[in-house]
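Pasted below: query-v2.pdb, PDB, C-alpha atoms.
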ATOM      1  CA  MET A1160     102.302  93.054  65.804
ATOM      2  CA  GLY A1161     104.208  95.863  67.446
ATOM      3  CA  SER A1162     106.271  95.862  70.575
ATOM      4  CA  LYS A1163     105.085  94.466  73.883
ATOM      5  CA  TYR A1164     105.742  95.968  77.305
ATOM      6  CA  GLY A1165     106.020  94.421  80.725
ATOM      7  CA  THR A1166     107.469  94.469  84.222
ATOM      8  CA  VAL A1167     108.700  91.643  86.446
ATOM      9  CA  ILE A1168     107.818  92.197  90.113
ATOM     10  CA  MET A1169     110.601  90.710  92.250
ATOM     11  CA  GLY A1170     111.908  90.839  95.801
ATOM     12  CA  PRO A1171     112.197  88.821  99.011
ATOM     13  CA  ALA A1172     109.241  87.181 100.733
ATOM     14  CA  GLY A1173     107.044  89.631 102.619
ATOM     15  CA  ALA A1174     108.120  92.649 100.577
ATOM     16  CA  GLY A1175     104.562  93.240  99.334
ATOM     17  CA  LYS A1176     104.904  92.129  95.697
ATOM     18  CA  SER A1177     101.363  90.802  95.266
ATOM     19  CA  THR A1178      99.914  93.801  97.098
ATOM     20  CA  PHE A1179     101.843  96.097  94.769
ATOM     21  CA  CYS A1180     100.558  94.144  91.745
ATOM     22  CA  SER A1181      96.980  94.622  92.968
ATOM     23  CA  ALA A1182      97.519  98.340  93.554
ATOM     24  CA  LEU A1183      99.139  98.680  90.131
ATOM     25  CA  ILE A1184      96.257  96.902  88.392
ATOM     26  CA  GLN A1185      93.717  99.099  90.187
ATOM     27  CA  HIS A1186      95.653 102.227  89.231
ATOM     28  CA  LEU A1187      95.781 101.125  85.584
ATOM     29  CA  ARG A1188      92.045 100.489  85.588
ATOM     30  CA  ASN A1189      91.370 103.875  87.134
ATOM     31  CA  ASN A1190      93.374 105.441  84.301
ATOM     32  CA  LYS A1191      91.728 103.389  81.526
ATOM     33  CA  ARG A1192      94.851 101.369  80.774
ATOM     34  CA  SER A1193      94.937  97.692  79.882
ATOM     35  CA  CYS A1194      97.073  95.103  81.638
ATOM     36  CA  TYR A1195      97.790  91.399  81.438
ATOM     37  CA  TYR A1196      98.463  89.860  84.855
ATOM     38  CA  ILE A1197     100.644  86.739  85.141
ATOM     39  CA  ASN A1198     101.232  84.850  88.384
ATOM     40  CA  LEU A1199     104.482  82.863  88.393
ATOM     41  CA  ASP A1200     104.396  81.960  92.080
ATOM     42  CA  PRO A1201     103.405  78.266  92.179
ATOM     43  CA  ALA A1202     102.539  78.562  95.886
ATOM     44  CA  ALA A1203     100.277  81.641  95.699
ATOM     45  CA  GLU A1204      96.650  81.065  96.647
ATOM     46  CA  ASP A1205      94.688  84.290  97.114
ATOM     47  CA  PHE A1206      94.505  87.115  94.587
ATOM     48  CA  ALA A1207      92.749  90.465  94.700
ATOM     49  CA  TYR A1208      92.541  90.225  90.894
ATOM     50  CA  GLU A1209      92.356  86.868  89.153
ATOM     51  CA  PRO A1210      95.474  86.319  87.009
ATOM     52  CA  ASP A1211      95.059  86.123  83.258
ATOM     53  CA  LEU A1212      97.690  83.384  83.340
ATOM     54  CA  ASP A1213      98.613  81.322  86.409
ATOM     55  CA  ILE A1214     101.598  78.954  86.651
ATOM     56  CA  LYS A1215      99.506  76.679  88.902
ATOM     57  CA  GLU A1216      97.558  75.681  85.794
ATOM     58  CA  LEU A1217     100.839  74.091  84.671
ATOM     59  CA  ILE A1218     102.444  73.035  87.951
ATOM     60  CA  SER A1219     101.993  73.760  91.658
ATOM     61  CA  LEU A1220     104.545  73.782  94.448
ATOM     62  CA  GLN A1221     102.373  71.670  96.723
ATOM     63  CA  ASP A1222     102.116  68.851  94.146
ATOM     64  CA  VAL A1223     105.869  68.921  93.543
ATOM     65  CA  MET A1224     106.680  68.778  97.257
ATOM     66  CA  GLU A1225     104.273  65.880  97.823
ATOM     67  CA  GLU A1226     105.209  63.811  94.783
ATOM     68  CA  LEU A1227     108.968  64.421  94.685
ATOM     69  CA  HIS A1228     109.513  64.873  98.442
ATOM     70  CA  LEU A1229     111.278  68.196  97.963
ATOM     71  CA  GLY A1230     111.421  71.143 100.329
ATOM     72  CA  PRO A1231     109.977  74.579  99.453
ATOM     73  CA  ASN A1232     113.169  75.945  97.847
ATOM     74  CA  GLY A1233     114.017  72.790  95.914
ATOM     75  CA  GLY A1234     110.396  72.438  94.835
ATOM     76  CA  LEU A1235     110.286  76.029  93.604
ATOM     77  CA  ILE A1236     113.434  75.576  91.535
ATOM     78  CA  TYR A1237     111.926  72.393  90.053
ATOM     79  CA  CYS A1238     108.730  74.316  89.160
ATOM     80  CA  PHE A1239     110.723  76.927  87.262
ATOM     81  CA  GLU A1240     112.869  74.344  85.513
ATOM     82  CA  PHE A1241     109.628  72.656  84.435
ATOM     83  CA  LEU A1242     108.296  76.002  83.206
ATOM     84  CA  LEU A1243     111.458  76.567  81.141
ATOM     85  CA  GLU A1244     110.933  73.146  79.556
ATOM     86  CA  ASN A1245     107.330  74.098  78.726
ATOM     87  CA  LEU A1246     107.721  77.746  77.748
ATOM     88  CA  ASP A1247     104.838  77.526  75.270
ATOM     89  CA  PHE A1248     102.543  77.715  78.295
ATOM     90  CA  LEU A1249     103.802  81.270  78.812
ATOM     91  CA  THR A1250     104.795  82.452  75.357
ATOM     92  CA  GLU A1251     101.753  81.381  73.321
ATOM     93  CA  PRO A1252      99.182  83.473  75.267
ATOM     94  CA  LEU A1253     101.577  86.456  75.198
ATOM     95  CA  GLU A1254     101.725  86.344  71.391
ATOM     96  CA  HIS A1255      98.203  87.774  71.346
ATOM     97  CA  VAL A1256      98.803  90.582  73.862
ATOM     98  CA  GLY A1257      98.876  93.978  72.165
ATOM     99  CA  GLU A1258     101.261  96.881  72.674
ATOM    100  CA  GLU A1259      98.661  98.869  74.621
ATOM    101  CA  TYR A1260      98.849  96.338  77.463
ATOM    102  CA  LEU A1261     101.239  96.393  80.409
ATOM    103  CA  ILE A1262     102.256  92.817  81.183
ATOM    104  CA  ILE A1263     102.656  92.388  84.955
ATOM    105  CA  ILE A1264     104.545  89.281  86.088
ATOM    106  CA  ASP A1265     104.296  88.493  89.807
ATOM    107  CA  MET A1266     107.269  86.414  90.953
ATOM    108  CA  PRO A1267     107.813  84.267  94.083
ATOM    109  CA  GLY A1268     109.765  85.590  97.050
ATOM    110  CA  GLN A1269     112.757  83.232  97.067
ATOM    111  CA  ILE A1270     115.592  85.584  96.136
ATOM    112  CA  GLU A1271     117.817  82.626  95.181
ATOM    113  CA  LEU A1272     115.920  82.606  91.890
ATOM    114  CA  TYR A1273     117.254  86.073  91.089
ATOM    115  CA  THR A1274     120.639  86.104  92.788
ATOM    116  CA  HIS A1275     122.071  82.559  92.855
ATOM    117  CA  VAL A1276     120.746  80.415  90.003
ATOM    118  CA  PRO A1277     120.311  81.378  86.327
ATOM    119  CA  ILE A1278     116.648  80.349  86.113
ATOM    120  CA  VAL A1279     114.998  83.772  86.071
ATOM    121  CA  PRO A1280     117.658  85.235  83.724
ATOM    122  CA  SER A1281     116.907  82.384  81.296
ATOM    123  CA  LEU A1282     113.182  83.104  81.543
ATOM    124  CA  VAL A1283     113.757  86.829  80.981
ATOM    125  CA  ARG A1284     115.835  86.149  77.882
ATOM    126  CA  ALA A1285     113.043  83.982  76.461
ATOM    127  CA  LEU A1286     110.555  86.827  76.935
ATOM    128  CA  THR A1287     112.710  89.700  75.728
ATOM    129  CA  LYS A1288     114.174  87.974  72.660
ATOM    130  CA  GLY A1289     112.688  86.185  69.655
ATOM    131  CA  SER A1290     109.148  86.724  68.432
ATOM    132  CA  LEU A1291     107.851  88.184  71.715
ATOM    133  CA  ASN A1292     110.549  90.853  72.025
ATOM    134  CA  ILE A1293     108.996  92.297  75.186
ATOM    135  CA  SER A1294     110.456  95.577  76.377
ATOM    136  CA  MET A1295     110.732  94.761  80.057
ATOM    137  CA  CYS A1296     112.036  96.128  83.328
ATOM    138  CA  ALA A1297     112.388  94.613  86.771
ATOM    139  CA  ALA A1298     110.711  96.157  89.803
ATOM    140  CA  TYR A1299     112.581  94.974  92.907
ATOM    141  CA  LEU A1300     110.732  95.530  96.181
ATOM    142  CA  LEU A1301     112.427  95.791  99.558
ATOM    143  CA  GLU A1302     110.433  96.259 102.736
ATOM    144  CA  SER A1303     110.914  99.771 104.118
ATOM    145  CA  THR A1304     111.331  98.516 107.686
ATOM    146  CA  PHE A1305     114.849  97.477 106.594
ATOM    147  CA  ILE A1306     115.923 101.117 106.736
ATOM    148  CA  VAL A1307     115.573 101.112 110.522
ATOM    149  CA  ASP A1308     118.423  98.565 110.709
ATOM    150  CA  ARG A1309     121.446  99.681 108.671
ATOM    151  CA  ALA A1310     122.894  96.158 108.428
ATOM    152  CA  LYS A1311     119.601  94.735 107.089
ATOM    153  CA  PHE A1312     119.292  97.602 104.631
ATOM    154  CA  PHE A1313     122.877  96.993 103.475
ATOM    155  CA  ALA A1314     122.115  93.296 102.903
ATOM    156  CA  GLY A1315     118.885  94.156 101.078
ATOM    157  CA  THR A1316     120.703  96.661  98.877
ATOM    158  CA  LEU A1317     123.318  94.044  97.967
ATOM    159  CA  SER A1318     120.569  91.552  97.086
ATOM    160  CA  ALA A1319     118.932  94.171  94.838
ATOM    161  CA  MET A1320     122.263  94.859  93.128
ATOM    162  CA  SER A1321     122.887  91.120  92.692
ATOM    163  CA  ALA A1322     119.477  90.763  91.020
ATOM    164  CA  MET A1323     120.266  93.733  88.761
ATOM    165  CA  LEU A1324     123.475  92.060  87.604
ATOM    166  CA  MET A1325     121.928  88.608  87.149
ATOM    167  CA  VAL A1326     118.676  89.555  85.413
ATOM    168  CA  GLU A1327     120.237  92.199  83.129
ATOM    169  CA  LEU A1328     117.127  94.354  82.838
ATOM    170  CA  PRO A1329     116.462  98.023  83.528
ATOM    171  CA  HIS A1330     115.761  98.077  87.254
ATOM    172  CA  VAL A1331     113.347 100.089  89.381
ATOM    173  CA  ASN A1332     114.125  99.497  93.066
ATOM    174  CA  ILE A1333     111.282 100.214  95.463
ATOM    175  CA  LEU A1334     110.982 100.619  99.237
ATOM    176  CA  SER A1335     107.523  99.229  99.949
ATOM    177  CA  LYS A1336     105.246  99.702 102.966
ATOM    178  CA  MET A1337     106.474 103.249 103.570
ATOM    179  CA  ASP A1338     103.414 103.861 105.750
ATOM    180  CA  LEU A1339     105.051 101.628 108.390
ATOM    181  CA  VAL A1340     108.092 103.875 108.868
ATOM    182  CA  LYS A1341     106.617 107.351 108.559
ATOM    183  CA  GLY A1342     108.316 109.656 111.020
ATOM    184  CA  GLN A1343     110.940 107.092 112.037
ATOM    185  CA  MET A1344     113.718 108.430 109.825
ATOM    186  CA  ALA A1345     114.441 111.861 108.398
ATOM    187  CA  ARG A1346     115.114 112.345 104.679
ATOM    188  CA  LYS A1347     118.759 113.219 105.396
ATOM    189  CA  GLU A1348     119.253 109.975 107.345
ATOM    190  CA  LEU A1349     117.641 107.939 104.568
ATOM    191  CA  LYS A1350     120.037 109.413 102.026
ATOM    192  CA  SER A1351     123.098 108.399 104.064
ATOM    193  CA  LEU A1352     122.050 104.902 105.128
ATOM    194  CA  LEU A1353     124.917 103.250 103.259
ATOM    195  CA  GLN A1354     127.520 105.560 104.724
ATOM    196  CA  ASP A1355     129.345 104.881 108.013
ATOM    197  CA  MET A1356     128.343 101.230 108.039
ATOM    198  CA  PRO A1357     128.582  99.629 111.518
ATOM    199  CA  GLU A1358     130.754  96.664 112.400
ATOM    200  CA  SER A1359     129.557  93.395 110.941
ATOM    201  CA  GLY A1360     129.200  91.625 114.276
ATOM    202  CA  LEU A1361     130.732  88.446 112.827
ATOM    203  CA  VAL A1362     132.789  86.376 115.277
ATOM    204  CA  PHE A1363     135.500  83.934 114.296
ATOM    205  CA  GLU A1364     135.421  80.618 116.149
ATOM    206  CA  TYR A1365     138.827  78.984 116.549
ATOM    207  CA  LYS A1366     138.672  75.192 116.208
ATOM    208  CA  ASP A1367     141.231  72.799 117.671
ATOM    209  CA  GLY A1368     142.812  70.316 115.317
ATOM    210  CA  VAL A1369     142.021  72.403 112.258
ATOM    211  CA  ASP A1370     144.410  74.543 110.254
ATOM    212  CA  ASN A1371     142.784  77.924 110.809
ATOM    213  CA  GLY A1372     145.504  79.729 108.843
ATOM    214  CA  ASP A1373     144.892  83.453 108.510
ATOM    215  CA  ALA A1374     141.146  83.068 108.830
ATOM    216  CA  GLU A1375     141.077  84.479 112.363
ATOM    217  CA  GLU A1376     142.791  87.669 111.225
ATOM    218  CA  VAL A1377     140.573  87.998 108.146
ATOM    219  CA  ALA A1378     137.360  87.422 110.074
ATOM    220  CA  LYS A1379     137.978  90.047 112.734
ATOM    221  CA  GLY A1380     135.234  92.607 113.113
ATOM    222  CA  ASP A1381     137.532  95.459 112.071
ATOM    223  CA  THR A1382     138.254  93.836 108.720
ATOM    224  CA  PHE A1383     134.626  93.134 107.920
ATOM    225  CA  GLY A1384     133.614  96.551 109.157
ATOM    226  CA  LYS A1385     136.052  98.215 106.765
ATOM    227  CA  LEU A1386     134.846  96.004 103.907
ATOM    228  CA  ASN A1387     131.210  96.849 104.623
ATOM    229  CA  ARG A1388     131.936 100.560 104.754
ATOM    230  CA  ALA A1389     133.957 100.421 101.528
ATOM    231  CA  VAL A1390     131.220  98.575  99.622
ATOM    232  CA  GLY A1391     128.541 100.881 101.038
ATOM    233  CA  GLN A1392     130.552 103.950 100.050
ATOM    234  CA  LEU A1393     131.057 102.526  96.540
ATOM    235  CA  ILE A1394     127.319 101.942  96.081
ATOM    236  CA  ASP A1395     126.516 105.392  97.424
ATOM    237  CA  ASP A1396     129.199 107.316  95.494
ATOM    238  CA  PHE A1397     128.246 105.857  92.122
ATOM    239  CA  SER A1398     124.490 105.606  92.806
ATOM    240  CA  LEU A1399     124.568 101.927  91.870
ATOM    241  CA  VAL A1400     121.310 101.262  93.723
ATOM    242  CA  SER A1401     118.644 103.836  94.491
ATOM    243  CA  PHE A1402     115.107 103.361  95.769
ATOM    244  CA  LEU A1403     111.682 104.847  95.114
ATOM    245  CA  LYS A1404     109.289 105.142  98.030
ATOM    246  CA  LEU A1405     105.970 103.290  97.758
ATOM    247  CA  ASP A1406     102.780 103.500  99.788
ATOM    248  CA  VAL A1407     100.152 101.339  98.056
ATOM    249  CA  GLN A1408      97.386 103.180  99.937
ATOM    250  CA  ASP A1409      98.410 106.402  98.165
ATOM    251  CA  GLU A1410      97.257 106.622  94.552
ATOM    252  CA  ASP A1411      99.866 109.282  93.746
ATOM    253  CA  SER A1412     102.644 107.078  95.133
ATOM    254  CA  VAL A1413     101.581 104.138  92.946
ATOM    255  CA  GLY A1414     101.322 106.458  89.951
ATOM    256  CA  ALA A1415     104.806 107.831  90.544
ATOM    257  CA  VAL A1416     106.319 104.331  90.615
ATOM    258  CA  LEU A1417     104.383 103.411  87.462
ATOM    259  CA  SER A1418     105.788 106.468  85.682
ATOM    260  CA  TYR A1419     109.339 105.213  86.372
ATOM    261  CA  ILE A1420     108.390 101.763  85.049
ATOM    262  CA  ASP A1421     106.874 103.332  81.913
ATOM    263  CA  ASP A1422     110.039 105.365  81.348
ATOM    264  CA  ALA A1423     112.265 102.301  81.807
ATOM    265  CA  ILE A1424     110.382 100.303  79.165
ATOM    266  CA  GLN A1425     109.647 103.368  76.955
ATOM    267  CA  PHE A1426     105.950 102.525  77.025
ATOM    268  CA  HIS A1427     104.505 105.886  76.054
ATOM    269  CA  GLU A1428     106.828 106.396  73.089
ATOM    270  CA  ALA A1429     105.018 103.673  71.126
ATOM    271  CA  GLN A1430     101.444 104.628  72.044
ATOM    272  CA  GLU A1431      99.220 106.426  69.575
ATOM    273  CA  PRO A1432      97.385 109.483  70.950
ATOM    274  CA  ARG A1433      93.774 108.724  71.835
ATOM    275  CA  GLU A1434      90.775 110.851  71.067
ATOM    276  CA  PRO A1435      89.082 112.342  74.153
ATOM    277  CA  ASN A1436      86.056 110.060  73.740
ATOM    278  CA  ASP A1437      88.058 106.852  73.305
ATOM    279  CA  GLU A1438      87.149 104.285  75.961
ATOM    280  CA  VAL A1439      88.879 101.145  77.144
ATOM    281  CA  ASP A1440      86.595  98.220  77.827
ATOM    282  CA  ASP A1441      86.961  97.131  81.478
ATOM    283  CA  GLY A1442      86.581  93.557  80.295
ATOM    284  CA  ASP A1443      89.903  93.849  78.447
ATOM    285  CA  MET A1444      91.870  94.553  81.607
ATOM    286  CA  GLY A1445      93.303  91.872  83.896
TER     287      GLY A1445
END
For this file, write the structure as C-alpha cells.
Amino acid sequence: MGSKYGTVIMGPAGAGKSTFCSALIQHLRNNKRSCYYINLDPAAEDFAYEPDLDIKELISLQDVMEELHLGPNGGLIYCFEFLLENLDFLTEPLEHVGEEYLIIIDMPGQIELYTHVPIVPSLVRALTKGSLNISMCAAYLLESTFIVDRAKFFAGTLSAMSAMLMVELPHVNILSKMDLVKGQMARKELKSLLQDMPESGLVFEYKDGVDNGDAEEVAKGDTFGKLNRAVGQLIDDFSLVSFLKLDVQDEDSVGAVLSYIDDAIQFHEAQEPREPNDEVDDGDMG
C-alpha cells in the first residue's frame, strides 16, 4: 500500500474545529474526493457527518468522569492515555485506508493536550511512523474575534507556536469565523497585530512576611510590556506564525485552506491522473 495522507484539526474550545471538519468534508464531496473522518473528542455528541471512527466507541469522557471521579481536563487526559494503550483501535482501521483518501482527525479543544503534555505528540508519532507512515499536517484554528483584542491575539499566537513546537508537524494556522469580524479591522492593521504590543496589565502584589526579592521589579508593567513587544516583534520579523483566513460559509475560502493542507502533506504529488469520466462513489466518502 502506498502513502497515506491526513490532517489533525486542533485549537482551543470554541474555535470552530468540528464546523471546519464538516465544511471540509462537504467540500471534498463536492469535488469528488474521498475522506476518512475520525473523531477523537470523547465528549463530542452531535456531528453533521457521522465519523468513520469515533473514540467514544472505545471510551467516553462522561463514563470516565463518573467512574473515576475526575474533572473534565483530568478525564480527557485519562481518555487519551487509554487510547495510547489501545492504539490498535485507531491504527488497524487506518491500515485499510488508501492513498486517495484524506484522513481528517477532529481533536478536542483542551489546548493542554497540544502545549503542556506529550500525549498528542506521542499519538502523532504513532500515526506518522511505522507501517502507517501517514504524511500529516496540523491545522490549528484560532477564533478570528481574537484579532480585535491584541493581548488575546498575542496569547493565541503563542499557543499556536507552542503546539507547532510540541507536535512537530507541518502547521497550517487558521483564523476561523472571519464572517464575524468583517469590516472591523483593515488588512494593514491585521498584518501588524503583533507589533507595538500594549502593556501586559499584570500587577505585582506585595505580601508581608514573605521574601519578595526582586519579584516586584521583575513584575512591573514596563518589564512585561517590553518582553511582550520583543516576543511579538520576533514572531513577526521571522514569520514564525502566520494565519490563513477562513469563512466556512464560503466555498472558495474552504478550498483555499484545503489547498494549503494538500501542499503541506504533498497530497497531489502521489495521485494518479484520473480520466474525465472517472467517478468516485459517494458511499466511499466519510
Stretch 1181-1249 of chain A residues near stretch 1263-1275 of chain A within 8 Å, closest pair each, using all atoms listed in the file, as a Markdown table:
| residue | atom | partner | partner_atom | distance |
| --- | --- | --- | --- | --- |
| A:Cys1194 | CA | A:Ile1263 | CA | 7.0 |
| A:Tyr1195 | CA | A:Ile1263 | CA | 6.1 |
| A:Tyr1196 | CA | A:Ile1263 | CA | 4.9 |
| A:Ile1197 | CA | A:Ile1264 | CA | 4.8 |
| A:Asn1198 | CA | A:Asp1265 | CA | 5.0 |
| A:Leu1199 | CA | A:Met1266 | CA | 5.2 |
| A:Asp1200 | CA | A:Pro1267 | CA | 4.6 |
| A:Pro1201 | CA | A:Pro1267 | CA | 7.7 |
| A:Ala1202 | CA | A:Pro1267 | CA | 8.0 |
| A:Asn1232 | CA | A:Gln1269 | CA | 7.3 |
| A:Ile1236 | CA | A:Leu1272 | CA | 7.5 |
Review point. Written as JSON, numbers by chain, which residues does the PyMOL selection byres ((chain A and resi 1209-1211) around 12) give for the file shown?
Key: {"A": [1177, 1180, 1181, 1184, 1194, 1195, 1196, 1197, 1198, 1199, 1200, 1203, 1204, 1205, 1206, 1207, 1208, 1212, 1213, 1214, 1215, 1216, 1249, 1252, 1253, 1256, 1262, 1263, 1264, 1265, 1442, 1443, 1444, 1445]}
Practice item. Kindly indicate which residue among A:Gly1165, A:Arg1188, A:Val1390, A:Ala1174 lies nearest to A:Ala1314, using only C-alpha atoms for the distances. Key: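 Closest to A:Ala1314, using only C-alpha atoms: A:Val1390.
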Exercise for review: May I have the residues within 10 Å of A:Phe1313 as JSON, numbers by chain, using only C-alpha atoms and disregarding those fewer than 2 positions away in the same chain?
Suggested key: {"A": [1305, 1306, 1308, 1309, 1310, 1311, 1315, 1316, 1317, 1318, 1319, 1352, 1353, 1354, 1356, 1387, 1388, 1390, 1391, 1394]}
Study note, to complete from the structure: Across A:Leu1229, A:Glu1410, A:Thr1250, A:Leu1339, the smallest distance to A:Thr1304, with all atoms listed in the file counted, is shown by A:Leu1339
The PyMOL selection byres ((chain A and resi 1417-1424) around 12) resolved against shown file, as a short mmCIF file (atom, residue, chain, number, x, y, z; two decimals) with C-alpha atoms, keeping the file's coordinate frame:
data_model
loop_
_atom_site.label_atom_id
_atom_site.label_comp_id
_atom_site.auth_asym_id
_atom_site.auth_seq_id
_atom_site.Cartn_x
_atom_site.Cartn_y
_atom_site.Cartn_z
CA SER A 1162 106.27 95.86 70.58
CA LYS A 1163 105.08 94.47 73.88
CA TYR A 1164 105.74 95.97 77.31
CA GLY A 1165 106.02 94.42 80.72
CA THR A 1166 107.47 94.47 84.22
CA VAL A 1167 108.70 91.64 86.45
CA ILE A 1168 107.82 92.20 90.11
CA PHE A 1179 101.84 96.10 94.77
CA CYS A 1180 100.56 94.14 91.74
CA ALA A 1182 97.52 98.34 93.55
CA LEU A 1183 99.14 98.68 90.13
CA ILE A 1184 96.26 96.90 88.39
CA GLN A 1185 93.72 99.10 90.19
CA HIS A 1186 95.65 102.23 89.23
CA LEU A 1187 95.78 101.12 85.58
CA ASN A 1190 93.37 105.44 84.30
CA ARG A 1192 94.85 101.37 80.77
CA GLU A 1258 101.26 96.88 72.67
CA GLU A 1259 98.66 98.87 74.62
CA TYR A 1260 98.85 96.34 77.46
CA LEU A 1261 101.24 96.39 80.41
CA ILE A 1262 102.26 92.82 81.18
CA ILE A 1263 102.66 92.39 84.96
CA THR A 1287 112.71 89.70 75.73
CA ASN A 1292 110.55 90.85 72.03
CA ILE A 1293 109.00 92.30 75.19
CA SER A 1294 110.46 95.58 76.38
CA MET A 1295 110.73 94.76 80.06
CA CYS A 1296 112.04 96.13 83.33
CA ALA A 1297 112.39 94.61 86.77
CA ALA A 1298 110.71 96.16 89.80
CA TYR A 1299 112.58 94.97 92.91
CA LEU A 1328 117.13 94.35 82.84
CA PRO A 1329 116.46 98.02 83.53
CA HIS A 1330 115.76 98.08 87.25
CA VAL A 1331 113.35 100.09 89.38
CA ASN A 1332 114.12 99.50 93.07
CA ILE A 1333 111.28 100.21 95.46
CA PHE A 1402 115.11 103.36 95.77
CA LEU A 1403 111.68 104.85 95.11
CA LYS A 1404 109.29 105.14 98.03
CA LEU A 1405 105.97 103.29 97.76
CA VAL A 1407 100.15 101.34 98.06
CA GLU A 1410 97.26 106.62 94.55
CA ASP A 1411 99.87 109.28 93.75
CA SER A 1412 102.64 107.08 95.13
CA VAL A 1413 101.58 104.14 92.95
CA GLY A 1414 101.32 106.46 89.95
CA ALA A 1415 104.81 107.83 90.54
CA VAL A 1416 106.32 104.33 90.62
CA GLN A 1425 109.65 103.37 76.96
CA PHE A 1426 105.95 102.52 77.03
CA HIS A 1427 104.50 105.89 76.05
CA GLU A 1428 106.83 106.40 73.09
CA ALA A 1429 105.02 103.67 71.13
CA GLN A 1430 101.44 104.63 72.04
#
Exercise for review: May I ask which of the residues A:Ser1335, A:Asp1247, A:Lys1288, A:Asp1222 is the closest one to A:Leu1235, counting all atoms listed in the file?
Suggested key: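 Ranked by minimum distance to A:Leu1235, first place goes to A:Asp1222.
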Point to revise | Between atom CA of A:Ser1398 and atom CA of A:Gly1173, distance in Å (one decimal) | key: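 Answer for the atom CA of A:Ser1398 to atom CA of A:Gly1173 separation: 25.6 Å.
What separates atom CA of A:Glu1254 from atom CA of A:Ser1290 is a distance of 8.0 Å.
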**Study point:** Computed interatomic separation between atom CA of A:Leu1324 and atom CA of A:Ala1285 (Å)
**Key:**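 It comes out at 17.3 Å.
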Review point. Can you find the residues with an atom no farther than 12 Å from (117.3, 72.9, 86.7), counting only C-alpha atoms, and report them as a PyMOL selection string?
Key: chain A and resi 1233-1244+1272+1276-1279+1281
